Amino acid sequence: MEVKIQSVHFDATEKLRSYIDKKLSKVEKFSDEVISAQVQLKVEKPEVAMNKYTSIKVLVKQGELFAEKVCDTFEEGVSLCVDSLLRQLEKYKEKRHATVRFVGNIKKLSIFICKFTNNFSNICIIKINS
């Protein structure tokens with residue numbers, strides 16, 4: 001998985017970059033459909049607490065997942081974003097599996113109806129294209 005890290009109004013340390021890579025490796029292990037990730041880190045108002053803005057966009061095969069958090073530290077923001085992305089990825093995988101199961105069941109149903117209707121001439125044959 002390709003990870004792009006963009007830091008706005010500061011320079012991200014190597015320690016922070018390695019922390020981000022470590023956390024995003026969890027997302028990559030969770031699903032093989034993950035293509036790339038874009039991380040944006042921004043300091044909004046330096047004199048105020050809760051000023052670290054973190055957003056992560058993950059591109060998957062059929063769409064994208066996005067999470068953003070505002071926290072006291074970037075590490076906390078990255079951790080919360082990754083947790084949110086893991087939940088989103090789980091839902092994404094469930095929806096993809098449900099779609100595949102539904103299409104598979106339609107094919108089985110159409111075969112069953114065709115076999116059933118061949119025995120009775122007054123019942124029309126239903127063909128479902130999927």
# chains A, B, ... in the order shown; residues from 1 in each chain; ligands from 1

call {"tool": "residues_around", "arguments": {"residues": "Val48 in chain A", "least_positions_apart": "6", "cutoff": "12 Å", "atoms": "only C-alpha atoms", "output": "list in words"}}
result
Val70, Cys71 and Asp72 of chain A

call {"tool": "write_last_selection", "arguments": {"atoms": "all heavy atoms", "output": "PDB file, in the first residue's frame"}}
result
ATOM      1  N   VAL A  70      -9.796  15.961  15.260  1.00  0.00           N
ATOM      2  CA  VAL A  70      -9.043  17.072  15.822  1.00  0.00           C
ATOM      3  C   VAL A  70      -8.710  16.684  17.256  1.00  0.00           C
ATOM      4  O   VAL A  70      -9.616  16.437  18.059  1.00  0.00           O
ATOM      5  CB  VAL A  70      -9.850  18.395  15.779  1.00  0.00           C
ATOM      6  CG1 VAL A  70      -9.064  19.520  16.413  1.00  0.00           C
ATOM      7  CG2 VAL A  70     -10.237  18.737  14.356  1.00  0.00           C
ATOM      8  N   CYS A  71      -7.423  16.613  17.566  1.00  0.00           N
ATOM      9  CA  CYS A  71      -6.980  16.126  18.873  1.00  0.00           C
ATOM     10  C   CYS A  71      -5.850  16.989  19.410  1.00  0.00           C
ATOM     11  O   CYS A  71      -5.406  17.941  18.771  1.00  0.00           O
ATOM     12  CB  CYS A  71      -6.506  14.680  18.764  1.00  0.00           C
ATOM     13  SG  CYS A  71      -7.807  13.548  18.268  1.00  0.00           S
ATOM     14  N   ASP A  72      -5.353  16.594  20.573  1.00  0.00           N
ATOM     15  CA  ASP A  72      -4.246  17.295  21.221  1.00  0.00           C
ATOM     16  C   ASP A  72      -2.895  16.916  20.615  1.00  0.00           C
ATOM     17  O   ASP A  72      -1.986  17.733  20.565  1.00  0.00           O
ATOM     18  CB  ASP A  72      -4.252  16.965  22.715  1.00  0.00           C
ATOM     19  CG  ASP A  72      -4.029  18.185  23.575  1.00  0.00           C
ATOM     20  OD1 ASP A  72      -4.010  19.296  23.027  1.00  0.00           O
ATOM     21  OD2 ASP A  72      -3.894  18.015  24.803  1.00  0.00           O
TER      22      ASP A  72
END

call {"tool": "closest_residue", "arguments": {"among": "A:Tyr19, A:Phe66, A:Phe10, A:Tyr53", "to": "Ala37 in chain A", "atoms": "only C-alpha atoms"}}
result
A:Phe66

call {"tool": "residues_around", "arguments": {"residues": "Glu68 in chain A", "least_positions_apart": "6", "cutoff": "9 Å", "atoms": "only C-alpha atoms", "output": "MDAnalysis selection string"}}
result
chainID A and resid 53:57 77:78 80:81 84

call {"tool": "write_last_selection", "arguments": {"atoms": "N, CA and C atoms", "output": "PDB file, in the first residue's frame"}}
result
ATOM      1  N   TYR A  53      -5.074  18.764  13.527  1.00  0.00           N
ATOM      2  CA  TYR A  53      -6.076  18.242  12.597  1.00  0.00           C
ATOM      3  C   TYR A  53      -5.456  17.079  11.824  1.00  0.00           C
ATOM      4  N   THR A  54      -6.094  15.921  11.877  1.00  0.00           N
ATOM      5  CA  THR A  54      -5.617  14.727  11.185  1.00  0.00           C
ATOM      6  C   THR A  54      -6.729  14.189  10.289  1.00  0.00           C
ATOM      7  N   SER A  55      -6.410  13.973   9.023  1.00  0.00           N
ATOM      8  CA  SER A  55      -7.386  13.334   8.131  1.00  0.00           C
ATOM      9  C   SER A  55      -6.679  12.253   7.329  1.00  0.00           C
ATOM     10  N   ILE A  56      -7.389  11.141   7.136  1.00  0.00           N
ATOM     11  CA  ILE A  56      -6.846  10.018   6.367  1.00  0.00           C
ATOM     12  C   ILE A  56      -7.893   9.577   5.353  1.00  0.00           C
ATOM     13  N   LYS A  57      -7.469   9.494   4.098  1.00  0.00           N
ATOM     14  CA  LYS A  57      -8.337   8.983   3.030  1.00  0.00           C
ATOM     15  C   LYS A  57      -7.706   7.697   2.502  1.00  0.00           C
ATOM     16  N   GLY A  77      -4.695  11.507  17.097  1.00  0.00           N
ATOM     17  CA  GLY A  77      -5.546  11.695  15.929  1.00  0.00           C
ATOM     18  C   GLY A  77      -5.406  10.566  14.925  1.00  0.00           C
ATOM     19  N   VAL A  78      -4.164  10.131  14.666  1.00  0.00           N
ATOM     20  CA  VAL A  78      -3.929   9.030  13.732  1.00  0.00           C
ATOM     21  C   VAL A  78      -4.557   7.753  14.273  1.00  0.00           C
ATOM     22  N   LEU A  80      -7.110   7.380  16.366  1.00  0.00           N
ATOM     23  CA  LEU A  80      -8.570   7.450  16.275  1.00  0.00           C
ATOM     24  C   LEU A  80      -9.052   7.322  14.828  1.00  0.00           C
ATOM     25  N   CYS A  81      -8.340   7.937  13.898  1.00  0.00           N
ATOM     26  CA  CYS A  81      -8.710   7.831  12.478  1.00  0.00           C
ATOM     27  C   CYS A  81      -8.585   6.394  11.985  1.00  0.00           C
ATOM     28  N   SER A  84     -11.451   4.340  13.254  1.00  0.00           N
ATOM     29  CA  SER A  84     -12.646   4.649  12.476  1.00  0.00           C
ATOM     30  C   SER A  84     -12.583   4.003  11.095  1.00  0.00           C
TER      31      SER A  84
END

call {"tool": "atom_distance", "arguments": {"atom1": "CA of Glu76 in chain A", "atom2": "CA of Lys95 in chain A"}}
result
29.0 Å

call {"tool": "residues_around", "arguments": {"residues": "range 85-87 of chain A", "least_positions_apart": "2", "cutoff": "8 Å", "atoms": "only C-alpha atoms", "output": "ChimeraX atom specification"}}
result
/A:27,30,65-67,81-83,89-91

call {"tool": "write_last_selection", "arguments": {"atoms": "N, CA, C and O atoms", "output": "PDB file, in the first residue's frame"}}
result
ATOM      1  N   VAL A  27      -4.562  -1.411   8.703  1.00  0.00           N
ATOM      2  CA  VAL A  27      -5.600  -1.292   7.676  1.00  0.00           C
ATOM      3  C   VAL A  27      -5.268  -2.192   6.493  1.00  0.00           C
ATOM      4  O   VAL A  27      -6.135  -2.879   5.956  1.00  0.00           O
ATOM      5  N   PHE A  30      -5.945  -5.814   7.270  1.00  0.00           N
ATOM      6  CA  PHE A  30      -7.362  -6.114   7.428  1.00  0.00           C
ATOM      7  C   PHE A  30      -8.023  -6.469   6.105  1.00  0.00           C
ATOM      8  O   PHE A  30      -8.943  -7.277   6.064  1.00  0.00           O
ATOM      9  N   LEU A  65     -12.582   5.551   1.616  1.00  0.00           N
ATOM     10  CA  LEU A  65     -12.992   5.692   3.003  1.00  0.00           C
ATOM     11  C   LEU A  65     -12.269   6.907   3.562  1.00  0.00           C
ATOM     12  O   LEU A  65     -11.118   7.175   3.204  1.00  0.00           O
ATOM     13  N   PHE A  66     -12.931   7.647   4.468  1.00  0.00           N
ATOM     14  CA  PHE A  66     -12.357   8.892   4.964  1.00  0.00           C
ATOM     15  C   PHE A  66     -12.635   9.045   6.448  1.00  0.00           C
ATOM     16  O   PHE A  66     -13.742   8.730   6.917  1.00  0.00           O
ATOM     17  N   ALA A  67     -11.634   9.526   7.173  1.00  0.00           N
ATOM     18  CA  ALA A  67     -11.800   9.823   8.596  1.00  0.00           C
ATOM     19  C   ALA A  67     -10.989  11.067   8.924  1.00  0.00           C
ATOM     20  O   ALA A  67      -9.889  11.263   8.394  1.00  0.00           O
ATOM     21  N   CYS A  81      -8.340   7.937  13.898  1.00  0.00           N
ATOM     22  CA  CYS A  81      -8.710   7.831  12.478  1.00  0.00           C
ATOM     23  C   CYS A  81      -8.585   6.394  11.985  1.00  0.00           C
ATOM     24  O   CYS A  81      -9.463   5.904  11.264  1.00  0.00           O
ATOM     25  N   VAL A  82      -7.521   5.715  12.377  1.00  0.00           N
ATOM     26  CA  VAL A  82      -7.325   4.326  11.945  1.00  0.00           C
ATOM     27  C   VAL A  82      -8.421   3.434  12.527  1.00  0.00           C
ATOM     28  O   VAL A  82      -8.957   2.569  11.835  1.00  0.00           O
ATOM     29  N   ASP A  83      -8.785   3.654  13.794  1.00  0.00           N
ATOM     30  CA  ASP A  83      -9.890   2.879  14.389  1.00  0.00           C
ATOM     31  C   ASP A  83     -11.181   3.093  13.606  1.00  0.00           C
ATOM     32  O   ASP A  83     -11.918   2.148  13.324  1.00  0.00           O
ATOM     33  N   LEU A  89     -14.070  -0.067   7.033  1.00  0.00           N
ATOM     34  CA  LEU A  89     -13.615  -1.140   6.161  1.00  0.00           C
ATOM     35  C   LEU A  89     -14.365  -2.434   6.437  1.00  0.00           C
ATOM     36  O   LEU A  89     -14.694  -3.182   5.515  1.00  0.00           O
ATOM     37  N   GLU A  90     -14.677  -2.677   7.697  1.00  0.00           N
ATOM     38  CA  GLU A  90     -15.468  -3.862   8.048  1.00  0.00           C
ATOM     39  C   GLU A  90     -16.861  -3.784   7.429  1.00  0.00           C
ATOM     40  O   GLU A  90     -17.353  -4.753   6.848  1.00  0.00           O
ATOM     41  N   LYS A  91     -17.496  -2.615   7.513  1.00  0.00           N
ATOM     42  CA  LYS A  91     -18.817  -2.437   6.899  1.00  0.00           C
ATOM     43  C   LYS A  91     -18.731  -2.562   5.379  1.00  0.00           C
ATOM     44  O   LYS A  91     -19.610  -3.143   4.741  1.00  0.00           O
TER      45      LYS A  91
END

call {"tool": "select_by_dssp", "arguments": {"residues": "range 17-57 of chain A", "states": "alpha helix (DSSP H)", "output": "ChimeraX atom specification"}}
result
/A:17-30

call {"tool": "closest_residue", "arguments": {"among": "A:Leu59, A:Leu16, A:Val34, A:Val39", "to": "Phe74 in chain A", "atoms": "only C-alpha atoms"}}
result
A:Leu16

call {"tool": "closest_residue", "arguments": {"among": "A:Val8, A:Ile35, A:Val3, A:Val60", "to": "Lys22 in chain A", "atoms": "only C-alpha atoms"}}
result
A:Val3

call {"tool": "decode", "arguments": {"residues": "range 38-69 of chain A", "atoms": "N, CA, C and O atoms", "output": "PDB file, in the first residue's frame"}}
result
ATOM      1  N   GLN A  38      -3.856   8.451   1.958  1.00  0.00           N
ATOM      2  CA  GLN A  38      -3.357   9.822   1.977  1.00  0.00           C
ATOM      3  C   GLN A  38      -3.612  10.389   3.367  1.00  0.00           C
ATOM      4  O   GLN A  38      -4.758  10.418   3.820  1.00  0.00           O
ATOM      5  N   VAL A  39      -2.552  10.834   4.016  1.00  0.00           N
ATOM      6  CA  VAL A  39      -2.644  11.371   5.373  1.00  0.00           C
ATOM      7  C   VAL A  39      -2.328  12.855   5.317  1.00  0.00           C
ATOM      8  O   VAL A  39      -1.329  13.264   4.725  1.00  0.00           O
ATOM      9  N   GLN A  40      -3.211  13.655   5.922  1.00  0.00           N
ATOM     10  CA  GLN A  40      -2.965  15.090   5.995  1.00  0.00           C
ATOM     11  C   GLN A  40      -2.918  15.489   7.460  1.00  0.00           C
ATOM     12  O   GLN A  40      -3.853  15.220   8.222  1.00  0.00           O
ATOM     13  N   LEU A  41      -1.822  16.136   7.848  1.00  0.00           N
ATOM     14  CA  LEU A  41      -1.625  16.617   9.209  1.00  0.00           C
ATOM     15  C   LEU A  41      -1.506  18.135   9.160  1.00  0.00           C
ATOM     16  O   LEU A  41      -0.768  18.682   8.339  1.00  0.00           O
ATOM     17  N   LYS A  42      -2.246  18.809  10.037  1.00  0.00           N
ATOM     18  CA  LYS A  42      -2.258  20.268   9.994  1.00  0.00           C
ATOM     19  C   LYS A  42      -2.368  20.826  11.405  1.00  0.00           C
ATOM     20  O   LYS A  42      -3.149  20.333  12.222  1.00  0.00           O
ATOM     21  N   VAL A  43      -1.587  21.873  11.688  1.00  0.00           N
ATOM     22  CA  VAL A  43      -1.698  22.610  12.954  1.00  0.00           C
ATOM     23  C   VAL A  43      -2.544  23.831  12.656  1.00  0.00           C
ATOM     24  O   VAL A  43      -2.176  24.664  11.828  1.00  0.00           O
ATOM     25  N   GLU A  44      -3.688  23.945  13.329  1.00  0.00           N
ATOM     26  CA  GLU A  44      -4.604  25.042  13.000  1.00  0.00           C
ATOM     27  C   GLU A  44      -4.266  26.333  13.732  1.00  0.00           C
ATOM     28  O   GLU A  44      -3.981  27.335  13.117  1.00  0.00           O
ATOM     29  N   LYS A  45      -4.313  26.334  15.050  1.00  0.00           N
ATOM     30  CA  LYS A  45      -3.967  27.516  15.830  1.00  0.00           C
ATOM     31  C   LYS A  45      -2.961  27.075  16.891  1.00  0.00           C
ATOM     32  O   LYS A  45      -3.342  26.390  17.838  1.00  0.00           O
ATOM     33  N   PRO A  46      -1.708  27.469  16.752  1.00  0.00           N
ATOM     34  CA  PRO A  46      -0.676  26.948  17.654  1.00  0.00           C
ATOM     35  C   PRO A  46      -0.896  27.247  19.141  1.00  0.00           C
ATOM     36  O   PRO A  46      -0.454  26.493  19.980  1.00  0.00           O
ATOM     37  N   GLU A  47      -1.570  28.303  19.480  1.00  0.00           N
ATOM     38  CA  GLU A  47      -1.711  28.675  20.892  1.00  0.00           C
ATOM     39  C   GLU A  47      -2.910  28.034  21.587  1.00  0.00           C
ATOM     40  O   GLU A  47      -3.145  28.263  22.763  1.00  0.00           O
ATOM     41  N   VAL A  48      -3.683  27.224  20.882  1.00  0.00           N
ATOM     42  CA  VAL A  48      -4.898  26.639  21.435  1.00  0.00           C
ATOM     43  C   VAL A  48      -4.714  25.124  21.592  1.00  0.00           C
ATOM     44  O   VAL A  48      -4.065  24.478  20.773  1.00  0.00           O
ATOM     45  N   ALA A  49      -5.300  24.568  22.656  1.00  0.00           N
ATOM     46  CA  ALA A  49      -5.309  23.107  22.815  1.00  0.00           C
ATOM     47  C   ALA A  49      -6.260  22.508  21.780  1.00  0.00           C
ATOM     48  O   ALA A  49      -7.128  23.193  21.240  1.00  0.00           O
ATOM     49  N   MET A  50      -6.115  21.218  21.522  1.00  0.00           N
ATOM     50  CA  MET A  50      -6.933  20.523  20.515  1.00  0.00           C
ATOM     51  C   MET A  50      -6.796  21.209  19.154  1.00  0.00           C
ATOM     52  O   MET A  50      -7.768  21.542  18.497  1.00  0.00           O
ATOM     53  N   ASN A  51      -5.560  21.416  18.721  1.00  0.00           N
ATOM     54  CA  ASN A  51      -5.325  22.131  17.474  1.00  0.00           C
ATOM     55  C   ASN A  51      -4.689  21.276  16.384  1.00  0.00           C
ATOM     56  O   ASN A  51      -4.314  21.777  15.351  1.00  0.00           O
ATOM     57  N   LYS A  52      -4.565  19.976  16.604  1.00  0.00           N
ATOM     58  CA  LYS A  52      -3.932  19.101  15.626  1.00  0.00           C
ATOM     59  C   LYS A  52      -5.022  18.414  14.790  1.00  0.00           C
ATOM     60  O   LYS A  52      -5.777  17.607  15.277  1.00  0.00           O
ATOM     61  N   TYR A  53      -5.074  18.764  13.527  1.00  0.00           N
ATOM     62  CA  TYR A  53      -6.076  18.242  12.597  1.00  0.00           C
ATOM     63  C   TYR A  53      -5.456  17.079  11.824  1.00  0.00           C
ATOM     64  O   TYR A  53      -4.418  17.230  11.190  1.00  0.00           O
ATOM     65  N   THR A  54      -6.094  15.921  11.877  1.00  0.00           N
ATOM     66  CA  THR A  54      -5.617  14.727  11.185  1.00  0.00           C
ATOM     67  C   THR A  54      -6.729  14.189  10.289  1.00  0.00           C
ATOM     68  O   THR A  54      -7.847  14.000  10.757  1.00  0.00           O
ATOM     69  N   SER A  55      -6.410  13.973   9.023  1.00  0.00           N
ATOM     70  CA  SER A  55      -7.386  13.334   8.131  1.00  0.00           C
ATOM     71  C   SER A  55      -6.679  12.253   7.329  1.00  0.00           C
ATOM     72  O   SER A  55      -5.531  12.414   6.920  1.00  0.00           O
ATOM     73  N   ILE A  56      -7.389  11.141   7.136  1.00  0.00           N
ATOM     74  CA  ILE A  56      -6.846  10.018   6.367  1.00  0.00           C
ATOM     75  C   ILE A  56      -7.893   9.577   5.353  1.00  0.00           C
ATOM     76  O   ILE A  56      -9.042   9.332   5.709  1.00  0.00           O
ATOM     77  N   LYS A  57      -7.469   9.494   4.098  1.00  0.00           N
ATOM     78  CA  LYS A  57      -8.337   8.983   3.030  1.00  0.00           C
ATOM     79  C   LYS A  57      -7.706   7.697   2.502  1.00  0.00           C
ATOM     80  O   LYS A  57      -6.539   7.690   2.121  1.00  0.00           O
ATOM     81  N   VAL A  58      -8.478   6.628   2.512  1.00  0.00           N
ATOM     82  CA  VAL A  58      -7.998   5.326   2.043  1.00  0.00           C
ATOM     83  C   VAL A  58      -8.766   4.972   0.774  1.00  0.00           C
ATOM     84  O   VAL A  58      -9.995   4.966   0.771  1.00  0.00           O
ATOM     85  N   LEU A  59      -8.035   4.686  -0.282  1.00  0.00           N
ATOM     86  CA  LEU A  59      -8.649   4.277  -1.535  1.00  0.00           C
ATOM     87  C   LEU A  59      -8.738   2.756  -1.565  1.00  0.00           C
ATOM     88  O   LEU A  59      -7.743   2.067  -1.341  1.00  0.00           O
ATOM     89  N   VAL A  60      -9.952   2.258  -1.820  1.00  0.00           N
ATOM     90  CA  VAL A  60     -10.184   0.825  -1.962  1.00  0.00           C
ATOM     91  C   VAL A  60     -10.620   0.566  -3.395  1.00  0.00           C
ATOM     92  O   VAL A  60     -10.825   1.503  -4.165  1.00  0.00           O
ATOM     93  N   LYS A  61     -10.799  -0.690  -3.752  1.00  0.00           N
ATOM     94  CA  LYS A  61     -11.082  -1.040  -5.151  1.00  0.00           C
ATOM     95  C   LYS A  61     -12.326  -0.361  -5.704  1.00  0.00           C
ATOM     96  O   LYS A  61     -12.352   0.049  -6.845  1.00  0.00           O
ATOM     97  N   GLN A  62     -13.369  -0.243  -4.891  1.00  0.00           N
ATOM     98  CA  GLN A  62     -14.607   0.344  -5.401  1.00  0.00           C
ATOM     99  C   GLN A  62     -15.041   1.555  -4.589  1.00  0.00           C
ATOM    100  O   GLN A  62     -16.199   1.688  -4.231  1.00  0.00           O
ATOM    101  N   GLY A  63     -14.114   2.460  -4.291  1.00  0.00           N
ATOM    102  CA  GLY A  63     -14.488   3.670  -3.580  1.00  0.00           C
ATOM    103  C   GLY A  63     -13.375   4.172  -2.700  1.00  0.00           C
ATOM    104  O   GLY A  63     -12.199   3.878  -2.904  1.00  0.00           O
ATOM    105  N   GLU A  64     -13.768   4.961  -1.718  1.00  0.00           N
ATOM    106  CA  GLU A  64     -12.796   5.505  -0.774  1.00  0.00           C
ATOM    107  C   GLU A  64     -13.434   5.625   0.605  1.00  0.00           C
ATOM    108  O   GLU A  64     -14.646   5.776   0.739  1.00  0.00           O
ATOM    109  N   LEU A  65     -12.582   5.551   1.616  1.00  0.00           N
ATOM    110  CA  LEU A  65     -12.992   5.692   3.003  1.00  0.00           C
ATOM    111  C   LEU A  65     -12.269   6.907   3.562  1.00  0.00           C
ATOM    112  O   LEU A  65     -11.118   7.175   3.204  1.00  0.00           O
ATOM    113  N   PHE A  66     -12.931   7.647   4.468  1.00  0.00           N
ATOM    114  CA  PHE A  66     -12.357   8.892   4.964  1.00  0.00           C
ATOM    115  C   PHE A  66     -12.635   9.045   6.448  1.00  0.00           C
ATOM    116  O   PHE A  66     -13.742   8.730   6.917  1.00  0.00           O
ATOM    117  N   ALA A  67     -11.634   9.526   7.173  1.00  0.00           N
ATOM    118  CA  ALA A  67     -11.800   9.823   8.596  1.00  0.00           C
ATOM    119  C   ALA A  67     -10.989  11.067   8.924  1.00  0.00           C
ATOM    120  O   ALA A  67      -9.889  11.263   8.394  1.00  0.00           O
ATOM    121  N   GLU A  68     -11.538  11.901   9.796  1.00  0.00           N
ATOM    122  CA  GLU A  68     -10.813  13.091  10.245  1.00  0.00           C
ATOM    123  C   GLU A  68     -11.097  13.320  11.724  1.00  0.00           C
ATOM    124  O   GLU A  68     -12.212  13.076  12.204  1.00  0.00           O
ATOM    125  N   LYS A  69     -10.069  13.770  12.423  1.00  0.00           N
ATOM    126  CA  LYS A  69     -10.173  14.020  13.856  1.00  0.00           C
ATOM    127  C   LYS A  69      -9.365  15.261  14.208  1.00  0.00           C
ATOM    128  O   LYS A  69      -8.364  15.576  13.565  1.00  0.00           O
TER     129      LYS A  69
END
